[in-house]
Amino acid sequence: MSRVGIPRSLFYYYYYPLWKSFFADLGAEILTSAPSNRHTVERGIELAVDETCFPIKVYLGHVAELCREELDYIFVPRLVSVEARSYICPKFMGLPDMVRALIKETPPLIDITVDLSCDEKCFQKDIIRVGRLFTRQARKIQLAYQHGCEELRLCRSLASQGFTMEEAIKMWEGEPMEAESETDLNIGVLGHGYSLYDERISMNLVKRLRAMNCKVLLPEHLGSEVVEAEAATVPKRVFWTLGRKMLGSALHMSQREDVDGIIYLACFGCGPDSLIGEIIERKVRDNKPFILLTVDEHSGEAGIITRLEAFCDMLRRRRNYRSESKLSPYGASLHSFENTV
Amino acid sequence: MNLYLGVDIGSVSSNFILLDQNGRLYRKLYLRTLGNPVKALKDGYASISDGLDKQHGKIRAVGSTGSGRHLAAVLLGADVVKNEITAHAVAASHLFPGAKTIIEIGGQDSKIIILRNNIVHDFAMNTVCAAGTGSFLDQQSARLNIPIQEFGDYAVKSGHPVRIAGRCGVFAESDMIHKQQMGFPVEDIIMGLCEALVRNYLNNVGKGKKIEEPVVFQGGVAANRGLAKAFEKILGLKINVPAHYEVMGAIGAAILAREQMELSHSPTRFRGDNFVLEGNFTSNSHECSGCPNLCEVVCIKRDNEVLAYWGDRCKKWESSIKQPRDRLKVV
């Protein structure tokens with residue numbers, strides 16, 4: 001039985017159920033790397049060229065970890081485009097080349113090209129090419145791919161019930177998950193899934209917010225029609241798939257009564273983020289409290305905690321003021337205190 | 001007399017203040033942290049509480065803020081542990097009711113807080129750049145051999161500030177050296193630096209924020225009159241520097257502690273003099289090998305008693321210590 005390694009990083013958080021069931025149906029055994037940890041990060045930073053963004057560095061750490069295992073293949077797809085007229089960041093396009101250049105002695109890479117920007121013909125051929133590594137039956141390969149797509153839909157529908165993609169993948173693999181309990185704030189959280197759902201990169205953003213008694217609303221919880229319709233309201237169409245999804249989600253969230261505030265998680269050095277983050281901030285700021293958090297290699301969490309705490313304080317305070325209750329969210333009313341310091 | 005202790009443990013300074021029941025400042029203390037917050041806490045507490053006894057005053061509650069707020073909370077027993085933004089906003093809206101903008105520049109952080117109706121409406125902090133914060137000014141004052149306390153006095157003497165590149169602290173420094181080798185007077189270079197830092201602040205931290213009057217400028221860096229002047233020049237607005245600009249975070253923490261006591265009617269968590277002054281506090285860290293996260297767990301001890309753990313993502317260590325978490329909850 002062939003063993004295929006899948007790095008638990010980047011588009012793992014968007015497509016893992018598809019990839020896993022595709023390879024499993026073809027009779028392969030799947031091995032994933034451990035969730036990002038200190039070793040992955042350190043190894044990735046050592047390997048990567050300086051200009052890449054942090055998530056790409058972490059990805060290289062995951063690939064390096066898998067290289068230590070006895071594997072027949074490592075799955076490193078070349079993602080160009082996952083939908084018509086839209087693209088993924090160019091760094092993903094060069095991912096297999098980057099891995100080959102930076103990591104010596106990898107097992108053979110499965111570097112299927114995913115480019116659906118014009119049509120699916122080449123992609124379908126490439127699926128067959130990849131499938132032939134495991135079986136000679138083209139029909140079996142096609143069925144495995146269809147089955148993978150179904151599993152992905154299933155996983156996404158799990159996520160839409162209020163979970164992160166990381167949690168949805170765990171649920172899809174059979175782990176029980178508890179839904180969020182009662183909360184007093186509802187916060188929209190945006191960012192590239194591969195940063196947001198990697199607990200190391202996002203410094204556990206989603207769970208931290210939940211611990212602060214916030215309900216987290218993610219792009220995966222919104223219907224794609226709503227998101228696309230909102231994204232289409234800007235003068236020029238955003239041709240980055242993820243960027244458009246963030247923008248549409250942000251615009252939608254900024255109009256929702258039940259959303260108290262919006263947080264955008266950006267990676268320092270991400271090209272698309274530097275534009276999309278800015279556009280979102282300008283569009284959203286007048287409607288909703290907004291904060292942009294930038295993460296990078298630093299491991300100091302104090303900065304992010306301070307910003308999140310202050311943001312939540314601010315939201316509670318503003319809401320209390322709106323509801324004309326004179327109770328201070330900090331404690332008792334400030335006005336009872338003489339102004340005499 | 002009932003007193004409320006506010007403690008702000010920052011990267012560069014550790015500030016202590018005592019407020020009385022009516023919110024008047026009873027004592028204040030500004031100390032350099034000097035890389036040792038535990039020592040700063042002990043020394044600071046010893047001098048601020050010196051001579052207090054039941055007749056003269058009793059500490060009824062403690063609030064802590066700053067990047068070392070959790071450490072302070074453990075060593076002193078704090079009733080409120082609050083982030084710096086909320087603490088600064090509370091202090092400013094208390095002292096300057098109606099203030100609309102707070103510019104706060106500390107040792108490593110700079111912040112802008114927009115207040116509307118005395119509540120925080122919006123805020124931002126510096127992201128990946130600490131140019132223009134206190135530690136950079138410290139470094140420059142050491143390089144020029146001018147005590148940091150006199151830095152602002154030099155700046156305001158300048159007649160023609162030179163243009164210094166302010167995008168990045170490293171470039172600002174080389175630009176300053178270049179100007180100094182060309183023979184520009186030191187006052188003009190320092191004022192040029194102040195203006196560069198203000199531009200940097202407005203472009204990075206204040207980006208897109210509507211700065212409206214009244215503007216309050218606080219934090220340790222507000223001691224620098226040159227910076228206040230540069231803000232006035234560039235913004236064209238009046239800049240108010242409160243009398244106790246350097247301890248505003250601590251004042252906010254004390255106000256919050258007082259409110260907490262009034263609201264909860266429960267006894268304070270303050271551990272008293274002996275606990276702080278007589279204990280020997282040590283900290284050590286180890287790498288937890290429980291999972292691949294390999295968290296660096298810090299352990300704070302008083303003599304042989306473990307007071308707190310932190311740094312573990314899963315909270316396995318942190319929750320192993322019995323703490324009344326509900327009251328220490330940070331939000």
# chains A, B, ... in the order shown; residues from 1 in each chain; ligands from 1

$ residues_around --residues "Asp153 in chain B" --least-positions-apart "6" --cutoff "12 Å" --atoms "only C-alpha atoms" --output "number ranges by chain"
B: 146-147, 186-188, 190-191, 194, 223-229

$ select_by_dssp --residues "range 9-235 of chain A" --states "alpha helix (DSSP H)" --output "PyMOL selection string"
chain A and resi 12-25+38-47+54-67+90-93+95-102+121-131+138-159+165-172+193-196+205-211+224-231

$ interface_residues --of "chain B" --to "chain A" --cutoff "7 Å" --atoms "only C-alpha atoms" --output "list in words"
Asn22, Gly23, Arg24, Leu25, Ser67, Asn83, Ile85, Thr86, His94, Leu95, Ile119, Val120, His121, Asp122, Thr127, Leu256, Glu259, Gln260, Glu262, Leu263, Pro292, Asn293, Leu294 and Val331 of chain B

$ residues_around --residues "Ile234 in chain B" --least-positions-apart "3" --cutoff "10 Å" --atoms "only C-alpha atoms" --output "list in words"
Glu195, Val198, Arg199, Leu202, Lys229, Ala230, Phe231 and Leu237 of chain B

$ write_last_selection --atoms "N, CA and C atoms" --output "PDB file, in the first residue's frame"
ATOM      1  N   GLU B 195       9.606  65.750  15.174  1.00  0.00           N
ATOM      2  CA  GLU B 195       8.627  65.897  14.094  1.00  0.00           C
ATOM      3  C   GLU B 195       8.526  64.622  13.262  1.00  0.00           C
ATOM      4  N   VAL B 198       6.425  62.168  15.110  1.00  0.00           N
ATOM      5  CA  VAL B 198       5.001  62.506  15.044  1.00  0.00           C
ATOM      6  C   VAL B 198       4.424  62.078  13.692  1.00  0.00           C
ATOM      7  N   ARG B 199       5.171  62.343  12.623  1.00  0.00           N
ATOM      8  CA  ARG B 199       4.687  61.917  11.299  1.00  0.00           C
ATOM      9  C   ARG B 199       4.540  60.394  11.250  1.00  0.00           C
ATOM     10  N   LEU B 202       1.464  59.424  13.204  1.00  0.00           N
ATOM     11  CA  LEU B 202       0.204  59.730  12.522  1.00  0.00           C
ATOM     12  C   LEU B 202      -0.012  58.811  11.315  1.00  0.00           C
ATOM     13  N   LYS B 229       5.012  69.712  21.206  1.00  0.00           N
ATOM     14  CA  LYS B 229       5.054  70.868  20.313  1.00  0.00           C
ATOM     15  C   LYS B 229       4.930  70.413  18.850  1.00  0.00           C
ATOM     16  N   ALA B 230       5.623  69.318  18.530  1.00  0.00           N
ATOM     17  CA  ALA B 230       5.559  68.800  17.162  1.00  0.00           C
ATOM     18  C   ALA B 230       4.139  68.349  16.820  1.00  0.00           C
ATOM     19  N   PHE B 231       3.459  67.719  17.776  1.00  0.00           N
ATOM     20  CA  PHE B 231       2.070  67.316  17.541  1.00  0.00           C
ATOM     21  C   PHE B 231       1.210  68.550  17.269  1.00  0.00           C
ATOM     22  N   LEU B 237      -3.636  71.436  16.356  1.00  0.00           N
ATOM     23  CA  LEU B 237      -4.610  71.356  17.461  1.00  0.00           C
ATOM     24  C   LEU B 237      -3.879  71.573  18.781  1.00  0.00           C
TER      25      LEU B 237
END

$ select_by_dssp --residues "range 15-204 of chain B" --states "strand (DSSP E or B)" --output "VMD selection string"
chain B and resid 15 to 20 25 to 32 58 to 65 80 to 81 101 to 105 110 to 116 119 to 125

$ write_last_selection --atoms "C-alpha atoms" --output "mmCIF file, in the first residue's frame"
data_model
loop_
_atom_site.group_PDB
_atom_site.id
_atom_site.type_symbol
_atom_site.label_atom_id
_atom_site.label_comp_id
_atom_site.auth_asym_id
_atom_site.auth_seq_id
_atom_site.Cartn_x
_atom_site.Cartn_y
_atom_site.Cartn_z
ATOM 1 C CA ASN B 15 4.257 53.085 37.949
ATOM 2 C CA PHE B 16 2.433 53.030 41.245
ATOM 3 C CA ILE B 17 -0.261 55.361 42.454
ATOM 4 C CA LEU B 18 -2.559 55.586 45.449
ATOM 5 C CA LEU B 19 -5.959 57.208 45.058
ATOM 6 C CA ASP B 20 -8.071 58.202 48.021
ATOM 7 C CA LEU B 25 -4.139 61.316 43.930
ATOM 8 C CA TYR B 26 -2.547 60.541 47.279
ATOM 9 C CA ARG B 27 0.873 59.359 46.145
ATOM 10 C CA LYS B 28 2.570 58.524 42.904
ATOM 11 C CA LEU B 29 5.769 56.802 41.951
ATOM 12 C CA TYR B 30 7.497 56.381 38.591
ATOM 13 C CA LEU B 31 10.255 53.771 38.497
ATOM 14 C CA ARG B 32 12.293 52.246 35.736
ATOM 15 C CA LYS B 58 -5.352 51.309 54.236
ATOM 16 C CA ILE B 59 -5.180 49.776 50.793
ATOM 17 C CA ARG B 60 -8.689 48.592 50.045
ATOM 18 C CA ALA B 61 -8.212 47.325 46.499
ATOM 19 C CA VAL B 62 -5.560 46.860 43.849
ATOM 20 C CA GLY B 63 -5.763 47.203 40.075
ATOM 21 C CA SER B 64 -3.002 46.266 37.656
ATOM 22 C CA THR B 65 -2.339 47.061 34.031
ATOM 23 C CA VAL B 80 -8.823 44.048 38.607
ATOM 24 C CA VAL B 81 -6.437 43.105 35.825
ATOM 25 C CA THR B 101 -8.620 61.769 21.323
ATOM 26 C CA ILE B 102 -5.945 60.185 23.483
ATOM 27 C CA ILE B 103 -2.414 59.933 22.201
ATOM 28 C CA GLU B 104 -0.520 57.558 24.443
ATOM 29 C CA ILE B 105 3.129 56.759 23.860
ATOM 30 C CA SER B 110 2.066 53.699 21.046
ATOM 31 C CA LYS B 111 -1.680 53.948 20.892
ATOM 32 C CA ILE B 112 -4.416 56.186 19.712
ATOM 33 C CA ILE B 113 -7.744 56.000 21.484
ATOM 34 C CA ILE B 114 -10.778 57.751 20.086
ATOM 35 C CA LEU B 115 -13.339 58.602 22.741
ATOM 36 C CA ARG B 116 -16.904 59.633 22.109
ATOM 37 C CA ILE B 119 -16.285 55.866 26.053
ATOM 38 C CA VAL B 120 -13.783 54.160 23.789
ATOM 39 C CA HIS B 121 -15.109 54.429 20.270
ATOM 40 C CA ASP B 122 -12.080 53.204 18.356
ATOM 41 C CA PHE B 123 -8.429 52.530 19.024
ATOM 42 C CA ALA B 124 -5.248 51.412 17.321
ATOM 43 C CA MET B 125 -1.821 50.369 18.456
#

$ residues_around --residues "Cys288 in chain B" --least-positions-apart "2" --cutoff "12 Å" --atoms "only C-alpha atoms" --output "compact mmCIF listing (two decimals) with N, CA, C and O atoms, in the first residue's frame"
# COMPACT_ATOMS: atom_id res chain seq x y z
N ARG A 38 6.20 24.34 17.71
CA ARG A 38 7.44 25.12 17.69
C ARG A 38 8.44 24.56 16.70
O ARG A 38 9.11 25.31 15.98
N SER B 285 11.44 28.71 34.08
CA SER B 285 10.61 28.22 32.99
C SER B 285 11.08 26.83 32.58
O SER B 285 12.23 26.47 32.80
N HIS B 286 10.18 26.09 32.03
CA HIS B 286 10.57 24.79 31.48
C HIS B 286 9.72 24.53 30.24
O HIS B 286 8.67 25.15 30.06
N GLY B 290 4.24 17.77 27.08
CA GLY B 290 2.96 17.07 27.02
C GLY B 290 2.41 16.88 25.61
O GLY B 290 1.65 15.97 25.35
N CYS B 291 2.76 17.77 24.70
CA CYS B 291 2.28 17.67 23.33
C CYS B 291 3.27 18.38 22.42
O CYS B 291 4.20 19.03 22.91
N PRO B 292 3.11 18.28 21.10
CA PRO B 292 4.13 18.88 20.22
C PRO B 292 4.17 20.41 20.25
O PRO B 292 5.05 20.99 19.63
N ASN B 293 3.26 21.04 20.96
CA ASN B 293 3.33 22.50 21.05
C ASN B 293 4.57 22.98 21.80
O ASN B 293 5.05 24.07 21.57
N LEU B 294 5.05 22.13 22.70
CA LEU B 294 6.27 22.42 23.46
C LEU B 294 6.24 23.83 24.06
O LEU B 294 7.16 24.62 23.86
N CYS B 295 5.16 24.13 24.76
CA CYS B 295 5.03 25.47 25.32
C CYS B 295 6.12 25.72 26.35
O CYS B 295 6.54 24.81 27.07
N GLU B 296 6.56 26.96 26.43
CA GLU B 296 7.47 27.36 27.49
C GLU B 296 6.62 27.82 28.66
O GLU B 296 5.97 28.85 28.59
N VAL B 297 6.63 27.03 29.71
CA VAL B 297 5.78 27.33 30.85
C VAL B 297 6.59 28.07 31.90
O VAL B 297 7.69 27.63 32.27
N VAL B 298 6.07 29.19 32.35
CA VAL B 298 6.75 29.97 33.38
C VAL B 298 6.10 29.66 34.72
O VAL B 298 4.88 29.51 34.81
N CYS B 299 6.94 29.54 35.73
CA CYS B 299 6.44 29.24 37.06
C CYS B 299 6.89 30.37 37.98
O CYS B 299 8.07 30.70 38.05
N TYR B 309 1.35 29.60 37.19
CA TYR B 309 1.99 29.15 35.96
C TYR B 309 1.36 29.91 34.83
O TYR B 309 0.17 30.20 34.86
N TRP B 310 2.12 30.22 33.81
CA TRP B 310 1.48 30.65 32.57
C TRP B 310 2.36 30.36 31.38
O TRP B 310 3.51 29.97 31.52
N GLY B 311 1.80 30.53 30.20
CA GLY B 311 2.54 30.25 28.97
C GLY B 311 2.07 28.97 28.29
O GLY B 311 2.43 28.72 27.16
N ASP B 312 1.26 28.17 28.98
CA ASP B 312 0.81 26.92 28.37
C ASP B 312 -0.49 27.15 27.60
O ASP B 312 -1.43 27.75 28.12
N ARG B 313 -0.50 26.69 26.37
CA ARG B 313 -1.68 26.90 25.55
C ARG B 313 -2.89 26.14 26.05
O ARG B 313 -4.02 26.61 25.97
N CYS B 314 -2.66 24.94 26.55
CA CYS B 314 -3.81 24.11 26.93
C CYS B 314 -4.29 24.43 28.33
O CYS B 314 -5.30 23.90 28.77
N LYS B 315 -3.58 25.27 29.07
CA LYS B 315 -3.94 25.69 30.42
C LYS B 315 -3.85 24.56 31.44
O LYS B 315 -4.42 24.63 32.52
N LYS B 316 -3.13 23.50 31.07
CA LYS B 316 -2.97 22.38 31.99
C LYS B 316 -2.23 22.82 33.25
O LYS B 316 -2.62 22.48 34.36
N TRP B 317 -1.17 23.57 33.05
CA TRP B 317 -0.38 24.05 34.20
C TRP B 317 -1.10 25.16 34.92
O TRP B 317 -1.16 25.19 36.15

$ atom_distance --atom1 "CA of Leu3 in chain B" --atom2 "CA of Arg258 in chain B"
8.9 Å

$ atom_distance --atom1 "CA of Val206 in chain A" --atom2 "CA of Tyr264 in chain A"
11.6 Å

$ residues_around --residues "range 128-133 of chain A" --least-positions-apart "5" --cutoff "8 Å" --atoms "only C-alpha atoms" --output "PDB file with all heavy atoms, in the first residue's frame"
ATOM      1  N   LEU A  26      -8.348   5.393  -3.585  1.00  0.00           N
ATOM      2  CA  LEU A  26      -7.417   4.753  -4.514  1.00  0.00           C
ATOM      3  C   LEU A  26      -6.513   3.766  -3.792  1.00  0.00           C
ATOM      4  O   LEU A  26      -5.560   3.257  -4.374  1.00  0.00           O
ATOM      5  CB  LEU A  26      -6.577   5.813  -5.226  1.00  0.00           C
ATOM      6  CG  LEU A  26      -7.366   6.799  -6.101  1.00  0.00           C
ATOM      7  CD1 LEU A  26      -6.427   7.795  -6.747  1.00  0.00           C
ATOM      8  CD2 LEU A  26      -8.167   6.078  -7.168  1.00  0.00           C
ATOM      9  N   ILE A 110       3.599  14.817  -5.351  1.00  0.00           N
ATOM     10  CA  ILE A 110       2.428  14.813  -6.225  1.00  0.00           C
ATOM     11  C   ILE A 110       2.065  16.265  -6.413  1.00  0.00           C
ATOM     12  O   ILE A 110       1.505  16.894  -5.519  1.00  0.00           O
ATOM     13  CB  ILE A 110       1.261  14.030  -5.594  1.00  0.00           C
ATOM     14  CG1 ILE A 110       1.681  12.580  -5.375  1.00  0.00           C
ATOM     15  CG2 ILE A 110       0.028  14.114  -6.484  1.00  0.00           C
ATOM     16  CD1 ILE A 110       0.596  11.711  -4.789  1.00  0.00           C
ATOM     17  N   ILE A 112       0.042  18.024  -8.569  1.00  0.00           N
ATOM     18  CA  ILE A 112      -1.075  18.250  -9.489  1.00  0.00           C
ATOM     19  C   ILE A 112      -1.326  19.753  -9.649  1.00  0.00           C
ATOM     20  O   ILE A 112      -1.276  20.499  -8.683  1.00  0.00           O
ATOM     21  CB  ILE A 112      -2.350  17.539  -8.965  1.00  0.00           C
ATOM     22  CG1 ILE A 112      -3.517  17.737  -9.925  1.00  0.00           C
ATOM     23  CG2 ILE A 112      -2.716  18.014  -7.569  1.00  0.00           C
ATOM     24  CD1 ILE A 112      -4.721  16.882  -9.589  1.00  0.00           C
ATOM     25  N   ALA A 138      -9.349   4.271 -14.971  1.00  0.00           N
ATOM     26  CA  ALA A 138      -9.738   5.686 -15.022  1.00  0.00           C
ATOM     27  C   ALA A 138     -11.070   5.916 -14.311  1.00  0.00           C
ATOM     28  O   ALA A 138     -11.271   6.923 -13.634  1.00  0.00           O
ATOM     29  CB  ALA A 138      -9.834   6.154 -16.471  1.00  0.00           C
ATOM     30  N   ILE A 141     -10.730   6.303 -10.664  1.00  0.00           N
ATOM     31  CA  ILE A 141     -10.148   7.599 -10.305  1.00  0.00           C
ATOM     32  C   ILE A 141     -11.229   8.675 -10.306  1.00  0.00           C
ATOM     33  O   ILE A 141     -11.328   9.489  -9.384  1.00  0.00           O
ATOM     34  CB  ILE A 141      -9.014   7.961 -11.288  1.00  0.00           C
ATOM     35  CG1 ILE A 141      -7.913   6.892 -11.227  1.00  0.00           C
ATOM     36  CG2 ILE A 141      -8.433   9.329 -10.961  1.00  0.00           C
ATOM     37  CD1 ILE A 141      -6.882   6.991 -12.321  1.00  0.00           C
ATOM     38  N   GLN A 142     -12.078   8.644 -11.355  1.00  0.00           N
ATOM     39  CA  GLN A 142     -13.146   9.652 -11.442  1.00  0.00           C
ATOM     40  C   GLN A 142     -14.110   9.533 -10.265  1.00  0.00           C
ATOM     41  O   GLN A 142     -14.507  10.530  -9.668  1.00  0.00           O
ATOM     42  CB  GLN A 142     -13.911   9.500 -12.753  1.00  0.00           C
ATOM     43  CG  GLN A 142     -13.167  10.115 -13.917  1.00  0.00           C
ATOM     44  CD  GLN A 142     -13.672   9.630 -15.263  1.00  0.00           C
ATOM     45  OE1 GLN A 142     -14.431   8.649 -15.340  1.00  0.00           O
ATOM     46  NE2 GLN A 142     -13.234  10.293 -16.317  1.00  0.00           N
TER      47      GLN A 142
END

$ residues_around --residues "Leu307 in chain B" --least-positions-apart "6" --cutoff "9 Å" --atoms "only C-alpha atoms" --output "compact mmCIF listing (two decimals) with N, CA and C atoms, in the first residue's frame"
# COMPACT_ATOMS: atom_id res chain seq x y z
N VAL B 74 -0.37 38.66 40.48
CA VAL B 74 0.00 37.51 41.30
C VAL B 74 0.76 37.95 42.54
N LEU B 75 1.69 38.87 42.36
CA LEU B 75 2.53 39.28 43.49
C LEU B 75 1.76 40.10 44.53
N CYS B 299 6.94 29.54 35.73
CA CYS B 299 6.44 29.24 37.06
C CYS B 299 6.89 30.37 37.98
N ILE B 300 5.95 30.99 38.67
CA ILE B 300 6.28 32.06 39.61
C ILE B 300 6.16 31.50 41.02
N LYS B 301 7.23 31.65 41.79
CA LYS B 301 7.23 31.07 43.13
C LYS B 301 7.49 32.14 44.18
N ILE B 321 -3.15 25.34 39.49
CA ILE B 321 -3.10 26.17 40.70
C ILE B 321 -4.51 26.62 41.00

$ closest_residue --among "A:Ile304, A:Leu47, A:Ala232, A:Thr113" --to "Ala101 in chain A" --atoms "only C-alpha atoms"
A:Leu47

$ residues_around --residues "range 250-254 of chain B" --least-positions-apart "3" --cutoff "6 Å" --atoms "only C-alpha atoms" --output "list in words"
Tyr4, Leu5, Gly6, Val7, Asp8, Gly63, Ser64, Ala87, His88, Val90, Ala91, Val247 and Ala257 of chain B

$ write_last_selection --atoms "all heavy atoms" --output "mmCIF file, in the first residue's frame"
data_model
loop_
_atom_site.group_PDB
_atom_site.id
_atom_site.type_symbol
_atom_site.label_atom_id
_atom_site.label_comp_id
_atom_site.auth_asym_id
_atom_site.auth_seq_id
_atom_site.Cartn_x
_atom_site.Cartn_y
_atom_site.Cartn_z
ATOM 1 N N TYR B 4 -6.700 53.271 47.185
ATOM 2 C CA TYR B 4 -6.765 52.305 46.086
ATOM 3 C C TYR B 4 -5.450 52.347 45.335
ATOM 4 O O TYR B 4 -5.004 53.417 44.914
ATOM 5 C CB TYR B 4 -7.952 52.643 45.171
ATOM 6 C CG TYR B 4 -9.238 52.564 45.928
ATOM 7 C CD1 TYR B 4 -9.764 53.679 46.556
ATOM 8 C CD2 TYR B 4 -9.880 51.341 46.084
ATOM 9 C CE1 TYR B 4 -10.917 53.595 47.322
ATOM 10 C CE2 TYR B 4 -11.029 51.242 46.835
ATOM 11 C CZ TYR B 4 -11.544 52.367 47.454
ATOM 12 O OH TYR B 4 -12.685 52.258 48.203
ATOM 13 N N LEU B 5 -4.839 51.174 45.221
ATOM 14 C CA LEU B 5 -3.519 51.102 44.594
ATOM 15 C C LEU B 5 -3.667 50.739 43.118
ATOM 16 O O LEU B 5 -4.344 49.769 42.771
ATOM 17 C CB LEU B 5 -2.671 50.043 45.319
ATOM 18 C CG LEU B 5 -1.298 49.719 44.733
ATOM 19 C CD1 LEU B 5 -0.377 50.924 44.781
ATOM 20 C CD2 LEU B 5 -0.665 48.549 45.474
ATOM 21 N N GLY B 6 -3.041 51.536 42.264
ATOM 22 C CA GLY B 6 -3.004 51.219 40.830
ATOM 23 C C GLY B 6 -1.565 50.983 40.419
ATOM 24 O O GLY B 6 -0.679 51.750 40.784
ATOM 25 N N VAL B 7 -1.341 49.883 39.701
ATOM 26 C CA VAL B 7 0.015 49.513 39.315
ATOM 27 C C VAL B 7 0.055 49.303 37.813
ATOM 28 O O VAL B 7 -0.797 48.621 37.258
ATOM 29 C CB VAL B 7 0.430 48.196 40.026
ATOM 30 C CG1 VAL B 7 1.863 47.841 39.694
ATOM 31 C CG2 VAL B 7 0.261 48.328 41.520
ATOM 32 N N ASP B 8 1.032 49.915 37.168
ATOM 33 C CA ASP B 8 1.180 49.766 35.721
ATOM 34 C C ASP B 8 2.610 49.303 35.458
ATOM 35 O O ASP B 8 3.557 50.075 35.584
ATOM 36 C CB ASP B 8 0.904 51.120 35.043
ATOM 37 C CG ASP B 8 1.072 51.066 33.519
ATOM 38 O OD1 ASP B 8 1.480 50.007 33.004
ATOM 39 O OD2 ASP B 8 0.784 52.081 32.855
ATOM 40 N N GLY B 63 -5.530 47.449 41.505
ATOM 41 C CA GLY B 63 -5.763 47.203 40.075
ATOM 42 C C GLY B 63 -4.424 47.179 39.363
ATOM 43 O O GLY B 63 -3.530 47.955 39.707
ATOM 44 N N SER B 64 -4.277 46.299 38.378
ATOM 45 C CA SER B 64 -3.002 46.266 37.656
ATOM 46 C C SER B 64 -3.241 46.362 36.169
ATOM 47 O O SER B 64 -4.263 45.915 35.644
ATOM 48 C CB SER B 64 -2.219 45.006 38.006
ATOM 49 O OG SER B 64 -2.827 43.878 37.435
ATOM 50 N N ALA B 87 -7.483 50.995 30.573
ATOM 51 C CA ALA B 87 -7.007 51.735 31.747
ATOM 52 C C ALA B 87 -6.706 53.191 31.387
ATOM 53 O O ALA B 87 -7.116 54.116 32.100
ATOM 54 C CB ALA B 87 -5.761 51.064 32.322
ATOM 55 N N HIS B 88 -6.023 53.405 30.269
ATOM 56 C CA HIS B 88 -5.692 54.776 29.866
ATOM 57 C C HIS B 88 -6.955 55.565 29.529
ATOM 58 O O HIS B 88 -7.053 56.751 29.845
ATOM 59 C CB HIS B 88 -4.742 54.772 28.663
ATOM 60 C CG HIS B 88 -3.313 54.624 29.069
ATOM 61 N ND1 HIS B 88 -2.584 55.681 29.557
ATOM 62 C CD2 HIS B 88 -2.486 53.556 29.069
ATOM 63 C CE1 HIS B 88 -1.356 55.259 29.843
ATOM 64 N NE2 HIS B 88 -1.276 53.978 29.562
ATOM 65 N N VAL B 90 -9.966 55.110 30.739
ATOM 66 C CA VAL B 90 -10.708 55.407 31.965
ATOM 67 C C VAL B 90 -10.082 56.613 32.660
ATOM 68 O O VAL B 90 -10.780 57.546 33.073
ATOM 69 C CB VAL B 90 -10.722 54.174 32.893
ATOM 70 C CG1 VAL B 90 -11.157 54.551 34.296
ATOM 71 C CG2 VAL B 90 -11.650 53.115 32.332
ATOM 72 N N ALA B 91 -8.744 56.599 32.748
ATOM 73 C CA ALA B 91 -8.077 57.703 33.439
ATOM 74 C C ALA B 91 -8.311 59.018 32.703
ATOM 75 O O ALA B 91 -8.615 60.039 33.319
ATOM 76 C CB ALA B 91 -6.582 57.411 33.563
ATOM 77 N N VAL B 247 1.691 58.467 34.783
ATOM 78 C CA VAL B 247 1.116 57.374 35.580
ATOM 79 C C VAL B 247 -0.375 57.182 35.256
ATOM 80 O O VAL B 247 -1.112 56.625 36.051
ATOM 81 C CB VAL B 247 1.299 57.618 37.103
ATOM 82 C CG1 VAL B 247 2.770 57.548 37.480
ATOM 83 C CG2 VAL B 247 0.719 58.959 37.522
ATOM 84 N N ALA B 257 -10.246 49.457 40.048
ATOM 85 C CA ALA B 257 -10.226 48.635 41.264
ATOM 86 C C ALA B 257 -11.276 49.154 42.250
ATOM 87 O O ALA B 257 -11.998 48.375 42.877
ATOM 88 C CB ALA B 257 -8.839 48.670 41.898
#

$ atom_distance --atom1 "CA of Lys82 in chain B" --atom2 "CA of Gly44 in chain B"
19.3 Å

$ closest_residue --among "A:Leu154, A:Leu275, A:Leu66, A:Ile262" --to "Arg3 in chain A" --atoms "only C-alpha atoms"
A:Leu66

$ closest_residue --among "A:Pro90, A:Arg210, A:Asn287, A:His252" --to "Ile56 in chain A" --atoms "only C-alpha atoms"
A:Pro90
